[in-house]
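Engineer: This is entry.txt (compact mmCIF, C-alpha atoms).
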# COMPACT_ATOMS: atom_id res chain seq x y z
CA MET A 1 -23.48 -1.94 -9.69
CA ASN A 2 -20.24 -2.68 -11.57
CA GLY A 3 -18.01 -0.68 -9.28
CA VAL A 4 -14.44 0.36 -9.93
CA LEU A 5 -12.32 -1.71 -12.28
CA VAL A 6 -8.58 -1.19 -12.05
CA VAL A 7 -6.44 -2.47 -14.92
CA GLY A 8 -2.89 -2.97 -13.69
CA ALA A 9 -2.19 -4.68 -10.36
CA SER A 10 1.08 -3.07 -9.42
CA ALA A 11 1.77 -0.24 -6.94
CA ALA A 12 -0.49 2.38 -8.53
CA GLY A 13 -3.42 0.07 -9.20
CA LEU A 14 -3.23 -1.48 -5.76
CA ALA A 15 -2.97 1.90 -4.05
CA THR A 16 -6.05 3.11 -5.92
CA ALA A 17 -8.05 0.11 -4.74
CA GLN A 18 -6.82 0.50 -1.15
CA ALA A 19 -7.46 4.24 -1.14
CA LEU A 20 -11.03 3.71 -2.34
CA ARG A 21 -11.62 1.42 0.62
CA ALA A 22 -9.82 3.75 3.03
CA ARG A 23 -12.13 6.54 1.88
CA GLY A 24 -15.19 4.43 2.55
CA TYR A 25 -16.12 3.19 -0.92
CA ARG A 26 -18.30 0.09 -0.53
CA GLY A 27 -18.93 -0.92 -4.14
CA PRO A 28 -17.11 -3.71 -5.96
CA VAL A 29 -13.40 -3.14 -6.57
CA ARG A 30 -11.62 -5.42 -9.03
CA LEU A 31 -7.92 -5.42 -9.78
CA VAL A 32 -6.93 -6.97 -13.10
CA GLY A 33 -3.23 -7.84 -13.46
CA GLU A 34 -1.34 -9.24 -16.41
CA GLU A 35 1.27 -10.84 -14.16
CA PRO A 36 0.48 -14.03 -12.25
CA HIS A 37 1.57 -12.56 -8.88
CA PRO A 38 -0.14 -10.63 -6.14
CA PRO A 39 0.82 -6.94 -6.25
CA TYR A 40 4.53 -6.49 -5.62
CA ASP A 41 6.97 -3.64 -5.34
CA ARG A 42 9.40 -2.89 -8.16
CA PRO A 43 12.08 -0.60 -6.65
CA PRO A 44 13.72 -3.51 -4.74
CA LEU A 45 14.12 -5.54 -7.95
CA SER A 46 17.26 -3.70 -9.07
CA LYS A 47 18.67 -3.60 -5.54
CA GLN A 48 17.67 -6.00 -2.74
CA VAL A 49 16.27 -8.71 -5.02
CA LEU A 50 19.08 -8.55 -7.57
CA SER A 51 21.70 -8.66 -4.82
CA GLY A 52 19.95 -11.57 -3.10
CA ALA A 53 19.50 -9.63 0.16
CA TRP A 54 15.74 -10.12 -0.20
CA GLY A 55 13.87 -13.17 -1.35
CA THR A 56 11.22 -12.30 -3.90
CA GLU A 57 8.45 -12.90 -1.32
CA ARG A 58 9.50 -9.71 0.48
CA THR A 59 8.43 -7.61 -2.48
CA VAL A 60 4.78 -8.57 -2.05
CA LEU A 61 2.77 -5.46 -1.19
CA ARG A 62 -0.50 -7.19 -0.33
CA ALA A 63 -1.07 -10.91 0.00
CA PRO A 64 -4.22 -12.30 -1.63
CA ALA A 65 -5.78 -12.88 1.83
CA ASP A 66 -5.25 -9.20 2.75
CA LEU A 67 -6.87 -8.12 -0.49
CA ALA A 68 -9.80 -10.41 0.13
CA ALA A 69 -10.19 -8.96 3.63
CA LEU A 70 -10.41 -5.49 2.07
CA GLY A 71 -13.01 -6.67 -0.40
CA ILE A 72 -10.67 -6.19 -3.34
CA GLU A 73 -11.02 -8.88 -5.97
CA LEU A 74 -7.69 -9.70 -7.62
CA LEU A 75 -7.75 -11.16 -11.13
CA PRO A 76 -4.12 -12.11 -11.74
CA GLY A 77 -2.73 -13.44 -15.00
CA ARG A 78 -5.42 -11.63 -17.00
CA ARG A 79 -4.52 -9.24 -19.81
CA ALA A 80 -6.83 -6.49 -21.03
CA VAL A 81 -6.94 -6.21 -24.82
CA ALA A 82 -9.68 -3.67 -25.58
CA LEU A 83 -11.71 -0.85 -24.07
CA ASP A 84 -15.18 0.32 -25.08
CA THR A 85 -15.88 3.55 -23.23
CA GLY A 86 -19.43 3.75 -24.63
CA ALA A 87 -20.43 0.35 -23.25
CA ARG A 88 -18.19 0.94 -20.22
CA GLU A 89 -16.48 -2.41 -20.54
CA ILE A 90 -13.09 -3.91 -21.20
CA THR A 91 -12.28 -7.15 -22.97
CA LEU A 92 -9.68 -9.57 -21.64
CA ALA A 93 -7.36 -11.75 -23.74
CA ASP A 94 -9.51 -14.79 -22.97
CA GLY A 95 -12.57 -13.02 -24.36
CA GLU A 96 -14.26 -12.25 -21.07
CA ARG A 97 -15.79 -8.79 -20.80
CA LEU A 98 -15.83 -6.80 -17.58
CA ARG A 99 -18.12 -3.82 -17.07
CA TYR A 100 -17.34 -0.82 -14.89
CA ASP A 101 -18.82 2.27 -13.36
CA ASP A 102 -15.34 3.79 -13.21
CA LEU A 103 -12.20 2.47 -14.88
CA VAL A 104 -8.68 3.13 -13.63
CA LEU A 105 -5.80 2.60 -16.05
CA ALA A 106 -2.67 1.53 -14.20
CA THR A 107 -0.83 -0.56 -16.78
CA GLY A 108 2.57 1.05 -16.23
CA LEU A 109 5.50 0.69 -18.57
CA THR A 110 7.21 -1.73 -20.91
CA PRO A 111 11.01 -1.59 -21.15
CA ARG A 112 12.27 -0.15 -24.40
CA ARG A 113 14.35 -2.58 -26.46
CA LEU A 114 17.05 -1.91 -28.98
CA PRO A 115 16.34 -3.93 -32.15
CA ALA A 116 20.07 -4.53 -32.74
CA PHE A 117 20.20 -6.39 -29.40
CA ASP A 118 17.20 -8.67 -29.96
CA GLY A 119 18.09 -12.33 -30.00
CA PRO A 120 21.28 -13.24 -28.13
CA ALA A 121 21.06 -15.18 -24.87
CA GLY A 122 22.28 -13.14 -21.92
CA VAL A 123 20.57 -9.88 -22.98
CA HIS A 124 18.20 -8.60 -20.31
CA THR A 125 15.72 -5.90 -19.50
CA LEU A 126 14.40 -5.38 -15.95
CA ARG A 127 10.81 -4.61 -15.11
CA THR A 128 9.19 -7.71 -13.61
CA LEU A 129 9.96 -10.25 -10.92
CA GLU A 130 10.75 -12.83 -13.63
CA ASP A 131 13.15 -10.36 -15.26
CA ALA A 132 14.91 -9.94 -11.91
CA ARG A 133 15.14 -13.69 -11.34
CA ARG A 134 16.59 -14.27 -14.81
CA LEU A 135 19.11 -11.48 -14.45
CA ARG A 136 20.16 -12.61 -10.99
CA ALA A 137 20.65 -16.17 -12.26
CA ASP A 138 22.91 -14.86 -15.03
CA LEU A 139 24.87 -12.57 -12.70
CA ARG A 140 25.70 -15.52 -10.45
CA THR A 141 27.77 -17.12 -13.22
CA ALA A 142 28.83 -14.08 -15.25
CA ARG A 143 32.15 -12.32 -14.66
CA ARG A 144 31.54 -9.23 -16.73
CA LEU A 145 28.35 -7.22 -17.07
CA ALA A 146 27.65 -4.45 -19.56
CA VAL A 147 24.79 -2.09 -18.77
CA ILE A 148 23.49 0.09 -21.58
CA GLY A 149 21.84 3.21 -20.25
CA ALA A 150 23.02 5.26 -17.25
CA GLY A 151 19.63 6.36 -16.01
CA VAL A 152 18.33 5.51 -12.54
CA LEU A 153 17.74 1.84 -13.35
CA GLY A 154 21.00 1.28 -15.23
CA CYS A 155 23.02 2.97 -12.49
CA GLU A 156 21.34 0.88 -9.78
CA ILE A 157 21.87 -2.39 -11.64
CA ALA A 158 25.52 -1.50 -12.27
CA ALA A 159 26.05 -0.70 -8.59
CA THR A 160 24.33 -3.90 -7.42
CA ALA A 161 26.38 -6.01 -9.83
CA ARG A 162 29.56 -4.51 -8.36
CA THR A 163 28.54 -5.67 -4.89
CA LEU A 164 28.26 -9.16 -6.39
CA GLY A 165 31.86 -8.87 -7.55
CA LEU A 166 31.32 -8.49 -11.28
CA GLU A 167 33.35 -6.32 -13.58
CA VAL A 168 30.85 -3.74 -14.77
CA THR A 169 30.84 -1.41 -17.76
CA LEU A 170 28.16 1.27 -17.83
CA ILE A 171 27.55 2.74 -21.28
CA ASP A 172 25.56 5.85 -22.20
CA PRO A 173 25.63 8.34 -25.07
CA ALA A 174 25.13 11.29 -22.69
CA PRO A 175 28.17 12.99 -21.15
CA LEU A 176 27.12 12.19 -17.55
CA PRO A 177 24.94 9.59 -15.78
CA MET A 178 21.44 10.71 -14.75
CA ALA A 179 22.22 14.30 -15.78
CA ASP A 180 18.65 14.77 -17.01
CA ARG A 181 17.40 13.98 -13.50
CA LEU A 182 20.10 15.51 -11.29
CA GLY A 183 21.60 18.36 -13.29
CA PRO A 184 25.28 18.32 -14.34
CA PRO A 185 26.99 19.24 -11.02
CA VAL A 186 25.47 16.36 -9.05
CA ALA A 187 25.68 14.03 -12.06
CA ARG A 188 29.44 14.69 -12.10
CA LEU A 189 29.64 13.54 -8.47
CA LEU A 190 27.66 10.44 -9.41
CA ALA A 191 30.06 9.66 -12.25
CA GLY A 192 32.92 9.91 -9.74
CA LEU A 193 31.08 7.63 -7.31
CA HIS A 194 30.69 4.91 -9.94
CA ARG A 195 34.33 5.18 -11.00
CA ASP A 196 35.49 5.15 -7.34
CA HIS A 197 33.65 1.84 -6.98
CA GLY A 198 35.43 0.31 -9.89
CA ILE A 199 32.80 0.68 -12.59
CA THR A 200 34.05 1.41 -16.08
CA LEU A 201 31.85 4.33 -17.03
CA LEU A 202 31.75 4.94 -20.77
CA THR A 203 29.84 8.17 -21.24
CA GLY A 204 29.51 9.87 -24.60
CA THR A 205 29.47 6.32 -25.94
CA LYS A 206 26.98 4.66 -28.20
CA ALA A 207 26.32 0.91 -27.95
CA GLU A 208 26.11 -0.32 -31.50
CA ALA A 209 25.73 -4.10 -31.66
CA PRO A 210 26.10 -7.25 -29.60
CA VAL A 211 28.97 -9.68 -30.05
CA THR A 212 27.99 -13.34 -29.70
CA ASP A 213 29.69 -16.71 -29.64
CA GLY A 214 28.82 -19.66 -31.88
CA GLY A 215 25.99 -20.63 -29.54
CA GLY A 216 24.26 -17.28 -29.86
CA ARG A 217 25.28 -16.13 -26.38
CA ILE A 218 26.44 -12.61 -25.69
CA THR A 219 30.21 -12.16 -25.30
CA GLY A 220 30.45 -8.42 -25.67
CA VAL A 221 29.23 -5.14 -27.13
CA LEU A 222 30.55 -3.08 -29.98
CA THR A 223 30.53 0.58 -29.00
CA SER A 224 31.58 3.85 -30.55
CA GLN A 225 34.64 3.65 -28.23
CA GLY A 226 35.52 0.09 -29.25
CA PRO A 227 34.55 -3.39 -28.10
CA VAL A 228 33.56 -4.18 -24.50
CA ALA A 229 33.67 -7.78 -23.23
CA ALA A 230 30.58 -8.97 -21.35
CA ASP A 231 29.00 -12.33 -20.40
CA ALA A 232 25.70 -10.62 -19.64
CA LEU A 233 24.12 -7.40 -20.82
CA VAL A 234 21.30 -5.24 -19.52
CA LEU A 235 19.36 -2.81 -21.66
CA ALA A 236 18.23 0.04 -19.39
CA VAL A 237 17.31 2.51 -22.10
CA GLY A 238 13.99 3.73 -20.81
CA SER A 239 10.45 2.50 -21.06
CA VAL A 240 7.29 3.18 -22.98
CA PRO A 241 3.79 3.46 -21.47
CA ALA A 242 1.87 0.20 -21.85
CA THR A 243 -1.03 1.61 -23.85
CA GLY A 244 -1.03 -0.64 -26.93
CA TRP A 245 -4.35 -2.19 -25.94
CA LEU A 246 -6.01 1.24 -25.86
CA HIS A 247 -5.50 2.06 -29.55
CA GLY A 248 -8.90 2.58 -31.10
CA SER A 249 -10.55 3.22 -27.72
CA GLY A 250 -10.96 6.93 -28.41
CA LEU A 251 -8.64 7.92 -25.56
CA THR A 252 -5.84 10.31 -26.47
CA LEU A 253 -2.54 8.44 -26.31
CA ASP A 254 0.51 10.66 -26.43
CA ASP A 255 3.42 9.15 -24.53
CA GLY A 256 0.93 7.87 -21.99
CA VAL A 257 -2.79 8.27 -21.44
CA LEU A 258 -3.54 11.95 -21.73
CA CYS A 259 -5.58 13.21 -18.78
CA ASP A 260 -6.94 16.45 -17.41
CA ALA A 261 -5.77 18.04 -14.16
CA ARG A 262 -7.81 15.48 -12.19
CA CYS A 263 -6.16 12.51 -13.93
CA ARG A 264 -9.34 11.86 -15.90
CA ALA A 265 -8.83 10.56 -19.44
CA ALA A 266 -12.53 10.47 -20.40
CA ALA A 267 -15.88 10.22 -18.62
CA HIS A 268 -15.44 7.53 -15.94
CA VAL A 269 -11.92 6.69 -17.14
CA TRP A 270 -8.89 7.66 -15.05
CA ALA A 271 -5.17 6.97 -15.20
CA VAL A 272 -2.61 6.59 -12.42
CA GLY A 273 1.10 5.93 -12.05
CA ASP A 274 3.68 5.65 -14.83
CA VAL A 275 1.11 5.44 -17.62
CA ALA A 276 -0.69 8.74 -16.87
CA ARG A 277 0.18 12.00 -18.58
CA TRP A 278 -1.87 14.61 -16.84
CA TRP A 279 -2.10 18.39 -16.73
CA HIS A 280 -0.12 19.61 -13.71
CA GLU A 281 -1.79 22.92 -12.88
CA GLY A 282 1.08 24.05 -10.68
CA GLN A 283 3.60 23.58 -13.49
CA GLY A 284 1.27 24.58 -16.34
CA ARG A 285 2.17 21.58 -18.48
CA ALA A 286 1.31 17.95 -19.09
CA LEU A 287 3.56 15.69 -17.07
CA ARG A 288 4.22 11.97 -16.80
CA LEU A 289 6.27 10.73 -13.85
CA GLU A 290 8.00 7.38 -13.67
CA ASN A 291 8.60 6.91 -9.98
CA ARG A 292 7.32 4.93 -7.05
CA SER A 293 6.00 7.82 -5.01
CA HIS A 294 3.88 9.06 -7.85
CA ALA A 295 2.24 5.66 -8.14
CA THR A 296 0.68 6.12 -4.71
CA GLU A 297 0.20 9.89 -4.87
CA SER A 298 -1.73 9.73 -8.14
CA ALA A 299 -3.69 6.75 -6.83
CA LEU A 300 -4.85 8.74 -3.81
CA ALA A 301 -5.80 11.66 -6.04
CA VAL A 302 -7.82 9.48 -8.41
CA ALA A 303 -9.53 7.53 -5.63
CA GLY A 304 -10.60 10.86 -4.17
CA ASN A 305 -11.81 12.20 -7.51
CA ILE A 306 -13.78 9.04 -8.29
CA LEU A 307 -15.58 9.68 -5.02
CA GLY A 308 -16.27 13.29 -5.98
CA ALA A 309 -13.40 15.26 -4.48
CA ASP A 310 -12.95 17.13 -7.77
CA ARG A 311 -9.38 18.09 -6.83
CA PRO A 312 -6.50 18.75 -9.24
CA HIS A 313 -3.46 16.54 -8.84
CA ARG A 314 -0.43 18.75 -8.29
CA PRO A 315 2.30 16.82 -6.49
CA VAL A 316 5.91 17.79 -5.97
CA PRO A 317 7.75 15.06 -7.92
CA TYR A 318 9.98 12.90 -5.75
CA PHE A 319 12.25 9.95 -6.33
CA TRP A 320 15.12 8.30 -4.57
CA THR A 321 17.90 6.00 -5.67
CA ASP A 322 20.43 3.90 -3.77
CA GLN A 323 23.82 3.37 -5.40
CA HIS A 324 27.07 2.21 -3.76
CA GLY A 325 25.68 2.90 -0.30
CA VAL A 326 24.65 6.45 -1.20
CA ARG A 327 21.02 7.49 -1.06
CA ILE A 328 20.16 10.29 -3.45
CA GLN A 329 16.79 11.97 -2.91
CA VAL A 330 15.36 14.31 -5.48
CA PHE A 331 12.38 16.66 -5.23
CA GLY A 332 11.12 18.68 -8.17
CA ASP A 333 13.37 18.97 -11.21
CA PRO A 334 16.95 19.96 -10.29
CA ALA A 335 18.05 19.53 -13.91
CA ALA A 336 15.87 22.54 -14.79
CA GLY A 337 17.95 24.82 -12.54
CA ASP A 338 20.74 27.07 -13.75
CA ARG A 339 22.33 27.48 -10.32
CA LEU A 340 22.91 25.02 -7.50
CA ARG A 341 23.04 26.36 -3.96
CA VAL A 342 24.31 24.04 -1.24
CA THR A 343 22.04 24.36 1.78
CA GLU A 344 23.48 21.74 4.11
CA GLY A 345 26.73 19.82 4.37
CA ASP A 346 29.41 19.93 1.70
CA PRO A 347 29.71 18.02 -1.59
CA ALA A 348 33.40 17.49 -0.74
CA THR A 349 32.40 15.42 2.31
CA ARG A 350 29.78 13.52 0.30
CA THR A 351 26.93 14.51 2.56
CA PHE A 352 24.96 17.48 1.37
CA ALA A 353 21.68 18.93 0.25
CA ALA A 354 21.33 21.55 -2.46
CA VAL A 355 18.61 23.65 -4.03
CA ALA A 356 18.55 24.13 -7.80
CA GLU A 357 17.30 27.55 -8.80
CA THR A 358 16.25 29.32 -11.96
CA ALA A 359 16.20 33.11 -11.76
CA GLY A 360 16.39 32.79 -7.96
CA ARG A 361 13.31 30.56 -7.84
CA PRO A 362 13.74 27.02 -6.43
CA VAL A 363 12.91 24.30 -8.98
CA GLY A 364 14.47 21.26 -7.38
CA VAL A 365 16.16 19.87 -4.28
CA VAL A 366 18.79 17.13 -4.17
CA GLY A 367 19.96 15.31 -1.08
CA TRP A 368 23.10 13.18 -1.16
CA ASN A 369 23.09 11.00 1.95
CA SER A 370 21.20 13.84 3.56
CA PRO A 371 17.59 12.99 4.40
CA HIS A 372 17.74 15.71 7.02
CA GLY A 373 18.84 18.25 4.44
CA VAL A 374 15.89 17.58 2.13
CA ARG A 375 13.30 18.00 4.85
CA GLY A 376 11.04 20.86 3.94
CA ALA A 377 11.84 20.45 0.24
CA ARG A 378 8.18 19.85 -0.63
CA ALA A 379 7.06 23.05 1.02
CA LEU A 380 9.87 24.97 -0.67
CA LEU A 381 8.78 23.70 -4.08
CA THR A 382 5.03 24.12 -3.64
CA PRO A 383 3.90 27.40 -5.09
CA PRO A 384 1.57 29.30 -2.74
CA MET B 385 -12.50 0.28 16.00
CA VAL B 386 -8.95 0.55 17.33
CA LEU B 387 -6.03 1.31 15.05
CA LYS B 388 -2.54 0.04 15.83
CA VAL B 389 0.43 1.24 13.84
CA GLU B 390 3.50 -0.86 13.11
CA ILE B 391 6.52 0.04 11.06
CA GLU B 392 8.84 -2.28 9.23
CA GLU B 393 11.95 -0.21 9.65
CA PRO B 394 14.27 -2.08 7.23
CA ARG B 395 11.90 -1.23 4.39
CA CYS B 396 11.87 2.51 5.10
CA VAL B 397 13.42 4.63 2.34
CA ALA B 398 13.27 7.91 4.27
CA ALA B 399 11.02 9.66 1.79
CA GLY B 400 9.30 11.53 4.60
CA HIS B 401 5.79 11.25 3.14
CA CYS B 402 4.49 9.89 6.46
CA VAL B 403 5.77 12.89 8.40
CA THR B 404 4.06 15.21 5.96
CA ALA B 405 0.78 13.27 6.19
CA ALA B 406 0.71 12.58 9.95
CA PRO B 407 3.31 14.61 11.86
CA GLU B 408 1.60 13.74 15.14
CA VAL B 409 2.38 10.04 14.65
CA PHE B 410 5.58 9.85 12.58
CA ASP B 411 8.95 11.53 12.72
CA GLN B 412 12.30 10.89 11.02
CA ARG B 413 15.61 10.09 12.66
CA GLU B 414 18.02 12.98 12.41
CA THR B 415 20.87 10.86 11.11
CA ASP B 416 19.41 8.77 8.32
CA GLY B 417 15.82 9.95 7.95
CA VAL B 418 14.40 6.56 8.86
CA VAL B 419 10.90 6.67 10.27
CA VAL B 420 10.34 7.04 14.01
CA LEU B 421 6.96 5.94 15.30
CA LEU B 422 5.81 8.48 17.88
CA ASP B 423 2.52 6.83 18.74
CA ALA B 424 1.73 3.19 17.98
CA ALA B 425 -1.84 3.61 19.23
CA PRO B 426 -2.84 7.07 18.04
CA PRO B 427 -6.10 8.73 19.06
CA PRO B 428 -9.08 8.30 16.69
CA GLY B 429 -8.68 11.92 15.60
CA ALA B 430 -5.42 10.97 13.92
CA TYR B 431 -6.74 7.90 12.08
CA ALA B 432 -7.43 9.68 8.80
CA HIS B 433 -3.90 11.08 8.68
CA VAL B 434 -2.36 7.74 9.63
CA ARG B 435 -4.29 5.92 6.90
CA GLU B 436 -3.12 8.52 4.42
CA ALA B 437 0.48 8.04 5.55
CA ALA B 438 0.24 4.25 5.18
CA LEU B 439 -1.16 4.61 1.67
CA LEU B 440 1.47 7.16 0.67
CA CYS B 441 4.51 5.29 1.94
CA PRO B 442 6.47 4.39 -1.21
CA ALA B 443 8.12 1.46 0.56
CA ALA B 444 4.96 -0.02 2.09
CA ALA B 445 6.71 0.15 5.46
CA ILE B 446 3.68 1.19 7.53
CA LEU B 447 1.31 -1.54 8.64
CA LEU B 448 -2.06 -0.79 10.16
CA ARG B 449 -3.99 -3.27 12.23
CA GLU B 450 -7.60 -2.46 12.83
CA ARG B 451 -9.53 -4.25 15.53
CA ASP B 452 -13.02 -3.89 16.77
CA GLY B 453 -13.27 -2.46 20.25
CA SER B 454 -13.32 0.87 21.98
CA ALA B 455 -10.39 3.23 21.76
What would the structure in this file look like if it were written as structure tokens?
Structural biologist:
Amino acid sequence: MNGVLVVGASAAGLATAQALRARGYRGPVRLVGEEPHPPYDRPPLSKQVLSGAWGTERTVLRAPADLAALGIELLPGRRAVALDTGAREITLADGERLRYDDLVLATGLTPRRLPAFDGPAGVHTLRTLEDARRLRADLRTARRLAVIGAGVLGCEIAATARTLGLEVTLIDPAPLPMADRLGPPVARLLAGLHRDHGITLLTGTKAEAPVTDGGGRITGVLTSQGPVAADALVLAVGSVPATGWLHGSGLTLDDGVLCDARCRAAAHVWAVGDVARWWHEGQGRALRLENRSHATESALAVAGNILGADRPHRPVPYFWTDQHGVRIQVFGDPAAGDRLRVTEGDPATRTFAAVAETAGRPVGVVGWNSPHGVRGARALLTPP
Amino acid sequence: MVLKVEIEEPRCVAAGHCVTAAPEVFDQRETDGVVVLLDAAPPPGAYAHVREAALLCPAAAILLRERDGSA
């Protein structure tokens, strides 16, 4: 018996392994991770870890001893390089081959880079613990930070850097931060929040090239609005699914591992978390979600389906973000709405919840410092 | 087998997944949505829901301790 082999030892991979055990699976479970660490949590990296409020040890989700107690074998620091679905085996970078009865792909994302910004010292992306350590080390000596990309990650990094006392410029070609996730009305409030906290928000602005000193260290950014001075720079311009190793495997790769409604990519091959693009029956389209909740939700679905549940995965998407002391909670897809109806509180008092609707049908819920107001959002957004 | 539930409150991100999964064991504070543990030693009938809640928590704020013994 080869058991279940999980490639990717972050939140989604770990949750799959744990859920298999919680559901009574007794076969071998192996968790292969490219990083040298035990499974750790990524959302704190841009917040508690970057600010220094948490030491990195607090991000650990399961210590090696806990994994061992659950009968989950962790293989850290091992990178998968090839998959043979016919032989039901993967090949690792060191040449070792591992066979499986069921394979779970949980390799997550790789930050997108901008070729023009490759090279200078002081240019960062943020995905791993090492990335967070390097960025934090730079922020401790830098005075001015430029963040390119006003998505969730860029906004969080900008906000955290402000709490560390840096001058921060947040640059994005879109007219508003996070508008594709929040919809314009709430994104406008978010823009105001960043400006109220002293961030220079350059929207409708394209970052064109780095400026460096004689030593090859970043000193600024050339943008479509002119030069911006910076001693450190973060690229937060999205991510791409980490599927390079699956080329030639026969799996369909199309902005992620393409799966059916049960998160199955092929016979005995499944995908979970950020890397999975699966058919959401409730929405009638293929969907890929990059958020922490979906890591665990898809893991539970796949663990169940490996054990024969045969159940479609149809979650209500959810994410949260913490910026400048405000917690924004989002269910569904508020940006798809054409009308926003405030259901609790008042945007003017900066505590509210609102439902985004299209043709009178709810498509998303946003809470702004209003966990109470978003209660019941899931039920509201789940079609009968 | 006895199941004890602990919560690490500072980790909680108020997503509310636990309340959805096991409303008999978890609630949320009115003010900030932070988890409230209603029953640290739930009855065996609730174990499946509690395990689901612990797995679903996106902040890994729910800790379960399982010990041999009668409930």
Engineer: Name the residues, using the chain letters and numbers of the file, that sit within 6 Å of (23.6, 9.6, -1.0) when counting only C-alpha atoms, and give them as a short mmCIF file (atom, residue, chain, number, x, y, z; two decimals) with C-alpha atoms, in the frame of the given file.
Structural biologist:
data_model
loop_
_atom_site.label_atom_id
_atom_site.label_comp_id
_atom_site.auth_asym_id
_atom_site.auth_seq_id
_atom_site.Cartn_x
_atom_site.Cartn_y
_atom_site.Cartn_z
CA VAL A 326 24.65 6.45 -1.20
CA ARG A 327 21.02 7.49 -1.06
CA ILE A 328 20.16 10.29 -3.45
CA TRP A 368 23.10 13.18 -1.16
CA ASN A 369 23.09 11.00 1.95
#
Engineer: Only residues of chain A matter here; which ones have an atom within 9 Å of chain B, counting only C-alpha atoms? Give them as a CSV table (one decimal) with C-alpha atoms, keeping the file's coordinate frame.
Structural biologist:
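Final output, saved to iface_26.csv:
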chain,number,residue,atom,x,y,z
A,11,ALA,CA,1.8,-0.2,-6.9
A,15,ALA,CA,-3.0,1.9,-4.0
A,18,GLN,CA,-6.8,0.5,-1.2
A,19,ALA,CA,-7.5,4.2,-1.1
A,22,ALA,CA,-9.8,3.8,3.0
A,23,ARG,CA,-12.1,6.5,1.9
A,41,ASP,CA,7.0,-3.6,-5.3
A,43,PRO,CA,12.1,-0.6,-6.6
A,61,LEU,CA,2.8,-5.5,-1.2
A,292,ARG,CA,7.3,4.9,-7.0
A,293,SER,CA,6.0,7.8,-5.0
A,294,HIS,CA,3.9,9.1,-7.8
A,295,ALA,CA,2.2,5.7,-8.1
A,296,THR,CA,0.7,6.1,-4.7
A,297,GLU,CA,0.2,9.9,-4.9
A,300,LEU,CA,-4.8,8.7,-3.8
A,318,TYR,CA,10.0,12.9,-5.8
A,319,PHE,CA,12.2,10.0,-6.3
A,320,TRP,CA,15.1,8.3,-4.6
A,327,ARG,CA,21.0,7.5,-1.1
A,329,GLN,CA,16.8,12.0,-2.9
A,369,ASN,CA,23.1,11.0,2.0
A,370,SER,CA,21.2,13.8,3.6
A,371,PRO,CA,17.6,13.0,4.4
A,372,HIS,CA,17.7,15.7,7.0
A,375,ARG,CA,13.3,18.0,4.8
Engineer: Which one is closest to Val389 in chain B: B:Val420, B:Ala437, B:Ala425, B:Ala430? Count all atoms listed in the file.
Structural biologist: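 The shortest atom-to-atom distance to Val389 in chain B comes from B:Ala425.
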Engineer: Any idea what the distance is between CA of Ile157 in chain A and CA of Val240 in chain A?
Structural biologist: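 Taking CA of Ile157 in chain A and CA of Val240 in chain A, their separation equals 19.3 Å.
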Engineer: With 7 Å as the threshold, what does the neighbourhood of (-5.7, -4.6, 13.0) contain in terms of residues, counting all atoms listed in the file? Coordinates are those of the file; answer as a PyMOL selection string.
Structural biologist: chain B and resi 387-388+448-451
Engineer: Quote the spacing between CA of Arg277 in chain A and CA of Ala353 in chain A in Å to one decimal place.
Structural biologist: 29.4 Å
Engineer: At what distance in Å, to one decimal, does CA of Glu390 in chain B lie from CA of Gln323 in chain A?
Structural biologist: 27.8 Å
Engineer: Give me, as a ChimeraX atom specification, all polymer residues having an atom no more than 8 Å from Val60 in chain A, counting only C-alpha atoms and skipping those fewer than 4 positions away in the same chain.
Structural biologist: /A:38-41,56
Engineer: Closest to Tyr431 in chain B among B:Ile446, B:Glu393, B:Ala406, B:Asp411, using only C-alpha atoms?
Structural biologist: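 Of B:Ile446, B:Glu393, B:Ala406, B:Asp411, the one nearest Tyr431 in chain B, counting only C-alpha atoms, is B:Ala406.
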Engineer: I'd like the neighbourhood of range 333-339 of chain A as a VMD selection string, where a residue qualifies if any of its atoms comes within 12 Å (using all atoms listed in the file), though same-chain residues fewer than 3 positions away should be ignored.
Structural biologist: chain A and resid 178 to 187 283 287 289 316 to 319 329 to 330 342 353 to 367 377 to 378 381
